[in-house]
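Quick look at protein19.csv (CSV, C-alpha atoms and all ligand atoms):
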chain,number,residue,atom,x,y,z
A,24,MET,CA,14.9,7.5,-23.4
A,25,ARG,CA,11.8,5.6,-22.1
A,26,VAL,CA,11.2,5.2,-18.3
A,27,PRO,CA,8.2,2.9,-17.8
A,28,TYR,CA,6.3,3.0,-14.6
A,29,SER,CA,6.6,-0.7,-13.9
A,30,SER,CA,9.0,-3.4,-14.9
A,31,LEU,CA,7.0,-6.6,-14.7
A,32,ARG,CA,8.4,-8.0,-18.0
A,33,GLU,CA,12.0,-7.7,-16.7
A,34,GLN,CA,11.0,-9.0,-13.3
A,35,PHE,CA,9.7,-12.2,-14.7
A,36,ALA,CA,12.0,-12.6,-17.7
A,37,ASP,CA,13.5,-15.7,-16.1
A,38,SER,CA,10.7,-17.6,-14.6
A,39,GLU,CA,11.8,-21.2,-15.3
A,40,ALA,CA,12.1,-22.1,-11.6
A,41,ILE,CA,8.6,-20.8,-10.8
A,42,LEU,CA,7.1,-22.6,-13.8
A,43,ARG,CA,8.8,-25.8,-12.7
A,44,ASP,CA,7.1,-25.6,-9.3
A,45,ILE,CA,3.8,-24.9,-10.9
A,46,LYS,CA,4.2,-28.0,-13.0
A,47,GLY,CA,4.9,-29.9,-9.8
A,48,LEU,CA,1.5,-28.8,-8.6
A,49,LEU,CA,-0.1,-30.7,-11.5
A,50,GLU,CA,1.3,-33.9,-9.9
A,51,THR,CA,-0.2,-33.2,-6.5
A,52,THR,CA,-3.3,-31.4,-7.8
A,53,GLN,CA,-3.6,-29.6,-4.5
A,54,PHE,CA,-5.0,-26.5,-6.2
A,55,THR,CA,-6.4,-24.8,-3.1
A,56,LEU,CA,-4.5,-24.0,0.1
A,57,GLY,CA,-2.0,-26.8,0.7
A,58,PRO,CA,1.7,-26.8,1.6
A,59,ALA,CA,2.7,-24.0,-0.8
A,60,VAL,CA,0.3,-21.6,0.9
A,61,ALA,CA,1.4,-22.7,4.4
A,62,ARG,CA,5.0,-22.2,3.4
A,63,PHE,CA,4.4,-18.7,2.0
A,64,GLU,CA,2.4,-17.8,5.2
A,65,ALA,CA,5.3,-18.9,7.4
A,66,ALA,CA,7.8,-17.0,5.3
A,67,PHE,CA,5.7,-13.9,5.3
A,68,ALA,CA,5.2,-14.0,9.1
A,69,ARG,CA,8.9,-14.4,9.5
A,70,ILE,CA,9.8,-11.3,7.4
A,71,CYS,CA,7.3,-9.3,9.4
A,72,GLY,CA,8.6,-10.6,12.7
A,73,ALA,CA,5.0,-11.7,13.5
A,74,ARG,CA,3.5,-14.9,14.9
A,75,PHE,CA,0.9,-15.4,12.1
A,76,ALA,CA,0.2,-14.6,8.5
A,77,VAL,CA,-3.0,-15.6,6.7
A,78,GLY,CA,-3.1,-15.7,2.9
A,79,VAL,CA,-6.2,-14.3,1.4
A,80,GLY,CA,-7.6,-13.4,-2.0
A,81,THR,CA,-6.6,-9.7,-2.2
A,82,GLY,CA,-5.2,-6.8,-0.2
A,83,THR,CA,-8.7,-5.4,0.0
A,84,ASP,CA,-10.0,-8.7,1.5
A,85,ALA,CA,-7.1,-8.6,4.0
A,86,LEU,CA,-8.4,-5.3,5.4
A,87,PHE,CA,-12.1,-6.3,5.1
A,88,LEU,CA,-11.6,-9.7,6.8
A,89,SER,CA,-9.6,-8.1,9.6
A,90,LEU,CA,-12.5,-5.7,10.3
A,91,LYS,CA,-15.0,-8.6,10.2
A,92,ALA,CA,-12.8,-10.6,12.6
A,93,LEU,CA,-12.9,-7.7,15.0
A,94,GLY,CA,-16.7,-7.6,14.8
A,95,VAL,CA,-17.0,-4.4,12.8
A,96,GLY,CA,-20.3,-4.1,11.1
A,97,PRO,CA,-23.4,-1.9,10.2
A,98,GLY,CA,-23.7,1.2,12.3
A,99,ASP,CA,-20.0,1.3,13.1
A,100,GLU,CA,-17.4,3.9,11.9
A,101,VAL,CA,-13.8,3.2,10.9
A,102,ILE,CA,-11.4,6.1,10.8
A,103,THR,CA,-9.0,6.2,7.8
A,104,ALA,CA,-7.2,8.6,5.4
A,105,ALA,CA,-9.0,10.7,2.8
A,106,ASN,CA,-5.9,10.4,0.6
A,107,THR,CA,-5.5,6.7,-0.1
A,108,PHE,CA,-6.3,4.1,-2.7
A,109,ILE,CA,-10.0,3.5,-2.9
A,110,ALA,CA,-9.6,-0.1,-1.5
A,111,THR,CA,-9.0,1.1,2.0
A,112,ALA,CA,-12.4,2.8,2.2
A,113,GLY,CA,-14.0,0.0,0.1
A,114,ALA,CA,-12.9,-2.6,2.7
A,115,ILE,CA,-14.6,-0.6,5.4
A,116,VAL,CA,-17.8,-0.3,3.4
A,117,ALA,CA,-17.6,-4.1,2.6
A,118,ALA,CA,-17.6,-4.8,6.3
A,119,GLY,CA,-20.9,-2.8,6.6
A,120,ALA,CA,-19.3,0.2,8.3
A,121,ARG,CA,-18.9,3.9,7.4
A,122,PRO,CA,-15.4,5.3,6.6
A,123,ALA,CA,-14.7,8.4,8.6
A,124,PHE,CA,-12.0,10.3,6.7
A,125,VAL,CA,-9.2,12.3,8.1
A,126,ASP,CA,-6.9,14.8,6.5
A,127,ALA,CA,-3.2,14.3,5.6
A,128,THR,CA,-0.1,16.0,7.0
A,129,ASP,CA,2.6,17.5,4.7
A,130,ASP,CA,4.3,14.1,4.4
A,131,PHE,CA,1.1,12.7,2.7
A,132,ASN,CA,0.3,10.4,5.7
A,133,ILE,CA,-2.7,10.5,8.0
A,134,ASP,CA,-2.8,13.3,10.6
A,135,PRO,CA,-3.1,11.9,14.1
A,136,ALA,CA,-4.8,15.1,15.4
A,137,GLY,CA,-7.5,14.5,12.8
A,138,ILE,CA,-7.9,11.0,14.0
A,139,GLU,CA,-8.6,12.3,17.5
A,140,ARG,CA,-11.2,14.7,16.2
A,141,ALA,CA,-12.9,12.1,14.1
A,142,ILE,CA,-13.6,9.8,17.0
A,143,THR,CA,-17.4,9.4,17.9
A,144,PRO,CA,-19.3,7.0,20.0
A,145,ARG,CA,-19.7,4.9,16.9
A,146,THR,CA,-16.0,4.5,16.1
A,147,ARG,CA,-15.0,0.9,16.2
A,148,ALA,CA,-11.5,0.9,14.7
A,149,ILE,CA,-8.7,3.0,13.3
A,150,MET,CA,-7.2,2.1,9.9
A,151,PRO,CA,-4.0,4.2,9.3
A,152,VAL,CA,-2.4,3.8,5.8
A,153,HIS,CA,1.4,3.5,5.5
A,154,TYR,CA,1.0,5.6,2.4
A,155,ALA,CA,3.5,5.3,-0.5
A,156,GLY,CA,5.5,3.0,1.7
A,157,GLN,CA,6.2,5.5,4.5
A,158,PRO,CA,5.1,4.4,8.0
A,159,ALA,CA,2.2,6.4,9.4
A,160,ARG,CA,2.9,8.3,12.7
A,161,MET,CA,2.3,5.2,14.8
A,162,GLY,CA,3.5,6.5,18.1
A,163,ALA,CA,0.8,9.2,18.2
A,164,ILE,CA,-1.8,7.0,16.7
A,165,LEU,CA,-1.2,4.2,19.2
A,166,LEU,CA,-1.6,6.7,22.1
A,167,ILE,CA,-4.9,7.9,20.8
A,168,ALA,CA,-6.1,4.3,20.1
A,169,ALA,CA,-5.2,3.2,23.7
A,170,ALA,CA,-6.9,6.2,25.3
A,171,HIS,CA,-10.1,5.4,23.4
A,172,ARG,CA,-9.7,1.6,23.6
A,173,LEU,CA,-9.9,1.3,19.8
A,174,PRO,CA,-8.2,-1.5,17.8
A,175,VAL,CA,-5.8,-0.4,15.0
A,176,VAL,CA,-5.8,-2.3,11.7
A,177,GLU,CA,-2.8,-1.2,9.6
A,178,ASP,CA,-3.2,-0.8,5.9
A,179,ALA,CA,0.3,-1.9,5.0
A,180,CYS,CA,-0.6,-2.8,1.4
A,181,GLN,CA,2.1,-0.4,0.1
A,182,ALA,CA,4.6,-0.8,2.9
A,183,ILE,CA,6.2,-4.3,3.2
A,184,GLY,CA,9.5,-3.9,5.0
A,185,ALA,CA,8.8,-0.4,6.2
A,186,SER,CA,9.7,0.4,9.8
A,187,VAL,CA,10.0,3.1,12.5
A,188,ASP,CA,12.9,3.0,15.0
A,189,GLY,CA,13.5,-0.5,13.7
A,190,ARG,CA,10.0,-1.6,14.4
A,191,LEU,CA,8.3,-3.1,11.3
A,192,VAL,CA,4.9,-2.1,10.1
A,193,SER,CA,2.3,-4.8,11.0
A,194,SER,CA,3.7,-4.9,14.5
A,195,PHE,CA,1.8,-1.8,15.7
A,196,GLY,CA,-1.9,-2.8,15.2
A,197,VAL,CA,-3.9,-5.9,16.1
A,198,ALA,CA,-3.7,-6.8,12.5
A,199,ALA,CA,-2.2,-5.5,9.2
A,200,GLY,CA,-3.3,-6.1,5.6
A,201,PHE,CA,-0.8,-6.5,2.8
A,202,SER,CA,-1.4,-6.7,-1.0
A,203,LEU,CA,0.4,-8.9,-3.5
A,204,HIS,CA,-1.0,-7.1,-6.5
A,205,PRO,CA,1.4,-7.1,-9.5
A,206,LEU,CA,2.2,-3.4,-8.9
A,207,LYS,CA,3.1,-3.8,-5.2
A,208,ASN,CA,6.7,-4.2,-4.0
A,209,LEU,CA,6.2,-8.0,-3.3
A,210,ASN,CA,4.0,-9.2,-6.1
A,211,VAL,CA,2.5,-12.3,-7.6
A,212,TRP,CA,1.0,-13.1,-11.0
A,213,GLY,CA,-2.5,-11.8,-10.2
A,214,ASP,CA,-4.4,-10.9,-7.0
A,215,GLY,CA,-3.3,-11.9,-3.5
A,216,GLY,CA,-3.3,-10.6,0.0
A,217,VAL,CA,-1.9,-11.4,3.5
A,218,ILE,CA,-3.1,-10.6,7.0
A,219,VAL,CA,-0.4,-10.4,9.6
A,220,THR,CA,-1.3,-10.7,13.3
A,221,SER,CA,0.3,-11.8,16.5
A,222,SER,CA,-3.1,-12.7,18.1
A,223,GLU,CA,-3.8,-16.4,18.2
A,224,GLU,CA,-7.5,-15.7,18.4
A,225,LEU,CA,-7.6,-13.4,15.4
A,226,ASP,CA,-5.5,-15.8,13.4
A,227,ALA,CA,-8.0,-18.6,14.1
A,228,THR,CA,-11.0,-16.4,13.2
A,229,LEU,CA,-9.4,-15.2,10.0
A,230,ARG,CA,-8.6,-18.8,8.9
A,231,LEU,CA,-12.3,-19.6,9.3
A,232,LEU,CA,-13.5,-16.4,7.6
A,233,ARG,CA,-11.4,-16.9,4.5
A,234,ASN,CA,-12.6,-20.5,4.0
A,235,HIS,CA,-16.4,-20.5,4.4
A,236,GLY,CA,-16.1,-20.7,8.2
A,237,LEU,CA,-15.3,-24.3,7.9
A,238,ARG,CA,-13.7,-26.0,10.9
A,239,ASN,CA,-13.3,-29.1,8.8
A,240,ARG,CA,-14.9,-30.5,5.7
A,241,ASP,CA,-18.3,-31.0,7.4
A,242,GLU,CA,-18.5,-28.5,10.2
A,243,VAL,CA,-19.2,-24.8,9.8
A,244,GLU,CA,-18.2,-22.8,12.8
A,245,ILE,CA,-19.2,-19.3,11.5
A,246,PHE,CA,-20.5,-17.9,8.3
A,247,GLY,CA,-17.5,-16.9,6.2
A,248,TYR,CA,-16.3,-16.1,2.7
A,249,ASN,CA,-14.2,-17.7,0.0
A,250,SER,CA,-11.1,-15.6,0.0
A,251,ARG,CA,-8.1,-18.0,0.0
A,252,LEU,CA,-4.7,-17.0,-1.4
A,253,ASP,CA,-4.5,-18.9,-4.6
A,254,THR,CA,-2.0,-21.8,-4.4
A,255,LEU,CA,-0.5,-20.8,-7.8
A,256,HIS,CA,0.2,-17.3,-6.5
A,257,ALA,CA,1.7,-18.8,-3.2
A,258,ILE,CA,4.1,-20.7,-5.4
A,259,VAL,CA,5.1,-17.5,-7.2
A,260,GLY,CA,5.3,-15.7,-3.8
A,261,ASN,CA,7.6,-18.4,-2.4
A,262,HIS,CA,10.1,-17.5,-5.1
A,263,LEU,CA,9.8,-13.7,-4.8
A,264,ILE,CA,9.7,-13.4,-1.0
A,265,THR,CA,13.5,-14.1,-0.9
A,266,GLU,CA,13.9,-11.0,-3.1
A,267,VAL,CA,12.0,-8.5,-0.9
A,268,GLU,CA,15.1,-7.1,0.7
A,269,ALA,CA,16.9,-6.6,-2.6
A,270,ILE,CA,13.8,-5.0,-4.1
A,271,THR,CA,13.3,-2.7,-1.2
A,272,ALA,CA,17.0,-1.7,-1.2
A,273,ALA,CA,16.9,-0.9,-4.9
A,274,ARG,CA,13.8,1.3,-4.5
A,275,ILE,CA,15.4,3.1,-1.6
A,276,ARG,CA,18.6,3.7,-3.6
A,277,ASN,CA,16.6,5.1,-6.5
A,278,ALA,CA,14.6,7.3,-4.2
A,279,ARG,CA,17.7,8.7,-2.6
A,280,ALA,CA,19.2,9.5,-6.0
A,281,LEU,CA,15.9,11.2,-7.1
A,282,ASP,CA,15.9,13.2,-3.8
A,283,ALA,CA,19.4,14.4,-4.3
A,284,GLY,CA,18.7,15.4,-7.9
A,285,LEU,CA,15.3,17.1,-7.2
A,286,LEU,CA,16.0,18.9,-3.8
A,287,PRO,CA,17.9,21.7,-5.5
A,288,LEU,CA,14.7,22.6,-7.4
A,289,ALA,CA,12.9,23.8,-4.2
A,290,PRO,CA,10.6,25.6,-3.8
A,291,ARG,CA,9.1,24.7,-7.2
A,292,VAL,CA,9.5,21.1,-6.2
A,293,ARG,CA,8.8,20.0,-2.6
A,294,ILE,CA,10.1,16.7,-1.4
A,295,PRO,CA,8.5,15.6,1.9
A,296,ALA,CA,10.8,15.6,4.9
A,297,ARG,CA,12.8,12.3,5.2
A,298,HIS,CA,13.2,11.0,8.8
A,299,ALA,CA,16.4,9.1,9.8
A,300,ASN,CA,14.5,6.8,12.2
A,301,GLU,CA,12.0,5.7,9.5
A,302,ARG,CA,12.4,3.2,6.7
A,303,HIS,CA,10.3,4.4,3.8
A,304,VAL,CA,10.1,1.6,1.2
A,305,PHE,CA,9.0,3.7,-1.7
A,306,HIS,CA,6.1,1.9,-3.2
A,307,LEU,CA,5.5,5.3,-4.7
A,308,TYR,CA,8.0,8.1,-5.2
A,309,MET,CA,5.7,11.1,-4.6
A,310,PHE,CA,6.4,14.8,-4.3
A,311,GLU,CA,4.7,18.2,-4.8
A,312,ALA,CA,5.4,20.2,-7.9
A,313,ASP,CA,4.4,23.7,-9.1
A,314,ASP,CA,2.5,23.6,-12.4
A,315,ARG,CA,2.0,19.9,-11.9
A,316,ASP,CA,-0.2,19.1,-14.9
A,317,ARG,CA,2.2,20.7,-17.3
A,318,LEU,CA,5.2,19.0,-15.7
A,319,ARG,CA,3.4,15.6,-16.1
A,320,ALA,CA,2.7,16.3,-19.7
A,321,TYR,CA,6.3,17.3,-20.2
A,322,LEU,CA,7.6,14.1,-18.6
A,323,ILE,CA,5.2,11.9,-20.6
A,324,GLU,CA,6.2,13.6,-23.9
A,325,ARG,CA,9.8,12.8,-23.0
A,326,GLY,CA,9.1,9.1,-22.3
A,327,VAL,CA,8.8,9.2,-18.5
A,328,GLU,CA,5.6,7.5,-17.3
A,329,ALA,CA,4.7,9.8,-14.4
A,330,LYS,CA,1.4,9.3,-12.6
A,331,ILE,CA,-0.8,10.9,-10.0
A,332,HIS,CA,-1.8,9.1,-6.8
A,333,TYR,CA,-4.5,10.4,-6.8
A,334,PRO,CA,-6.0,13.4,-8.5
A,335,VAL,CA,-9.2,13.3,-6.4
A,336,PRO,CA,-9.2,12.5,-2.7
A,337,LEU,CA,-11.8,9.9,-1.6
A,338,HIS,CA,-14.1,12.3,0.1
A,339,LEU,CA,-14.6,14.3,-3.1
A,340,GLN,CA,-15.3,11.2,-5.3
A,341,PRO,CA,-19.0,10.7,-6.0
A,342,ALA,CA,-18.9,7.7,-3.6
A,343,GLY,CA,-17.4,9.9,-0.9
A,344,ARG,CA,-19.7,12.8,-1.4
A,345,ARG,CA,-22.6,10.4,-1.0
A,346,LEU,CA,-21.4,10.0,2.6
A,347,GLY,CA,-22.0,13.7,3.1
A,348,TYR,CA,-18.4,15.1,2.5
A,349,ARG,CA,-17.8,18.3,0.7
A,350,GLU,CA,-15.0,20.4,-0.8
A,351,GLY,CA,-13.1,22.1,2.1
A,352,ASP,CA,-13.5,19.2,4.5
A,353,PHE,CA,-9.8,18.1,4.2
A,354,PRO,CA,-7.9,21.1,2.9
A,355,GLU,CA,-4.4,19.5,3.0
A,356,ALA,CA,-5.5,16.4,1.1
A,357,GLU,CA,-7.3,18.7,-1.4
A,358,ARG,CA,-4.3,21.0,-1.8
A,359,GLN,CA,-1.9,18.0,-2.3
A,360,ALA,CA,-4.2,16.4,-4.9
A,361,LYS,CA,-3.5,19.4,-7.2
A,362,ARG,CA,0.2,19.3,-6.7
A,363,ILE,CA,1.4,15.7,-6.2
A,364,ILE,CA,3.1,13.7,-8.9
A,365,THR,CA,4.7,10.2,-8.9
A,366,LEU,CA,7.8,9.1,-10.7
A,367,PRO,CA,8.8,5.5,-11.5
A,368,VAL,CA,11.0,4.1,-8.7
A,369,HIS,CA,11.0,0.4,-9.4
A,370,GLN,CA,13.9,-1.9,-8.8
A,371,HIS,CA,14.9,-2.3,-12.4
A,372,LEU,CA,15.6,1.4,-13.1
A,373,SER,CA,19.1,2.1,-14.4
A,374,GLN,CA,21.2,5.0,-13.1
A,375,ASP,CA,20.8,6.5,-16.5
A,376,GLN,CA,17.0,6.4,-16.2
A,377,VAL,CA,17.1,8.0,-12.8
A,378,ASP,CA,19.5,10.7,-14.0
A,379,TYR,CA,17.3,11.3,-17.0
A,380,MET,CA,14.2,11.8,-14.9
A,381,VAL,CA,16.1,14.4,-12.8
A,382,GLU,CA,17.2,16.1,-16.0
A,383,VAL,CA,13.7,16.3,-17.5
A,384,VAL,CA,12.2,17.8,-14.3
A,385,THR,CA,15.2,20.2,-14.1
A,386,ASP,CA,14.7,21.2,-17.8
A,387,PHE,CA,11.0,21.8,-17.2
A,388,TYR,CA,11.7,24.4,-14.6
A,389,GLY,CA,14.5,25.9,-16.6
A,390,THR,CA,18.0,25.2,-15.2
A,391,GLY,CA,18.8,27.6,-12.4
A,392,SER,CA,16.5,30.3,-13.8
A,393,ARG,CA,12.9,31.2,-13.6
A,394,ARG,CA,10.7,30.4,-16.6
B,1,LIG,C1,-3.2,-1.9,-3.3
B,1,LIG,C2,-3.9,-1.3,-2.1
B,1,LIG,C3,-4.9,-2.0,-1.4
B,1,LIG,C4,-5.7,-3.1,-2.0
B,1,LIG,O1,-5.0,-4.2,-2.4
B,1,LIG,P1,-5.6,-5.1,-3.6
B,1,LIG,O2,-4.7,-6.3,-3.4
B,1,LIG,O3,-5.4,-4.5,-4.9
B,1,LIG,O4,-7.0,-5.5,-3.2
B,1,LIG,C5,-5.4,-1.4,-0.3
B,1,LIG,N1,-4.9,-0.3,0.2
B,1,LIG,C6,-3.8,0.4,-0.3
B,1,LIG,C7,-3.3,1.6,0.3
B,1,LIG,C8,-3.3,-0.1,-1.5
B,1,LIG,O5,-2.3,0.5,-2.1
Please rewrite the model in this file as structure tokens.
Amino acid sequence: MRVPYSSLREQFADSEAILRDIKGLLETTQFTLGPAVARFEAAFARICGARFAVGVGTGTDALFLSLKALGVGPGDEVITAANTFIATAGAIVAAGARPAFVDATDDFNIDPAGIERAITPRTRAIMPVHYAGQPARMGAILLIAAAHRLPVVEDACQAIGASVDGRLVSSFGVAAGFSLHPLKNLNVWGDGGVIVTSSEELDATLRLLRNHGLRNRDEVEIFGYNSRLDTLHAIVGNHLITEVEAITAARIRNARALDAGLLPLAPRVRIPARHANERHVFHLYMFEADDRDRLRAYLIERGVEAKIHYPVPLHLQPAGRRLGYREGDFPEAERQAKRIITLPVHQHLSQDQVDYMVEVVTDFYGTGSRR
């Protein structure tokens, strides 16, 4: 049996309605911004329970422009996780600031105690990542941010629909960045991003920043960028946004079935604790495994496209080392990098595919016995 990591072909097998709307665009020729983008922004704000959503070019830009709008620049530090996708740190560097990395806890999310320790007089913002689709520990993080009067920008690129005690991600910080990249839970046919905020002032600044700082055709309020959400992608997004709940529910269902199948393999397999008050939306289904590299090879040989997110934490990448970080700085992230593995969890998995993955992992460790 084959279990591919993503299911883009199935997802877009029937795209007649989307193509019809794209054809409609040829009649209006409103190829940048326009009503499709405005409609998508309104729908996105609604599903986040926020006042505003601003469509931008990528998830990376959503984070970068949020920092720019807050005035972050050269000489500043922004605190973030050592174990995240490179774009989180890249957005901080693009704003001219220095990423200050923090270690992970055993659920793969940023450690609030580490955030507290990383604060210096140069710290200008905290950028927690809702990693894998699990909300970061926002209660503790917001307390630290308030005590030090630091704005929080959430990296929610992996976490659309995630919540804590019923409170959705993007409602904790002053702004949150989302990605519409094809591999994300809500995706379009290329790159796209969204910034969510409930601050009228930030919304206004972000709309300027994404469109050359233009107040209107002839007046430039501030120097900005060209980072608009493509109208074509907004059209795709308008079709898919109605499916977010179903996509999320399917991913959660698959993750529960994987949890149930893999938990008996403890301690060789370690599934992070699941919390009843949290809604983890499983952008990634990640766990720790003994003998990880051999397990991954075993899965791949048997058709399961397992991945590693990520084999090298950011502070140990050449780019991170150039900031002065070394081995041993973030022991938990370093330990996890050697043990984590990601299984497919997408919404088009069949029950047979889920059962098969459990079977292959179980076989690897030798059913009920030690190897
Ligand atoms: C995908 C992702 C981004 C960046 O999104 P792009 O749309 O690819 O630019 C940022 N942070 C995290 C955690 C991501 O997973």
Give as a list in words the residues surrounding ligand LIG 1 (chain B) up to a distance of 7 Å, considering only C-alpha atoms and all ligand atoms. Thr81, Gly82, Thr83, Asp84, Thr107, Phe108, Ala110, Thr111, Val152, Tyr154, Asp178, Ala179, Cys180, Gln181, Ser202, Leu203, His204, Lys207, Asp214, Gly215 and Gly216 of chain A
Of A:Pro58, A:Gly156, A:Gly347, A:Pro290, the one sitting nearest Asp314 (chain A) when using all atoms listed in the file is A:Pro290
Using 4 Å of padding on each side, determine the axis-aligned box around all atoms of region 58-65 of chain A present in the file and give its centre and edge lengths in Å to one decimal, as lines of an AutoDock Vina configuration file.
center_x = 2.8
center_y = -22.3
center_z = 3.3
size_x = 13.0
size_y = 17.0
size_z = 16.2
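The nearest approach to Gly236 (chain A) among the residues A:Ile109, A:Leu88, A:Ala356, A:Ala73, with all atoms listed in the file taken into account, belongs to A:Leu88.
Counting from CA of Asp126 (chain A), the distance to CA of Ala278 (chain A) is 25.2 Å.
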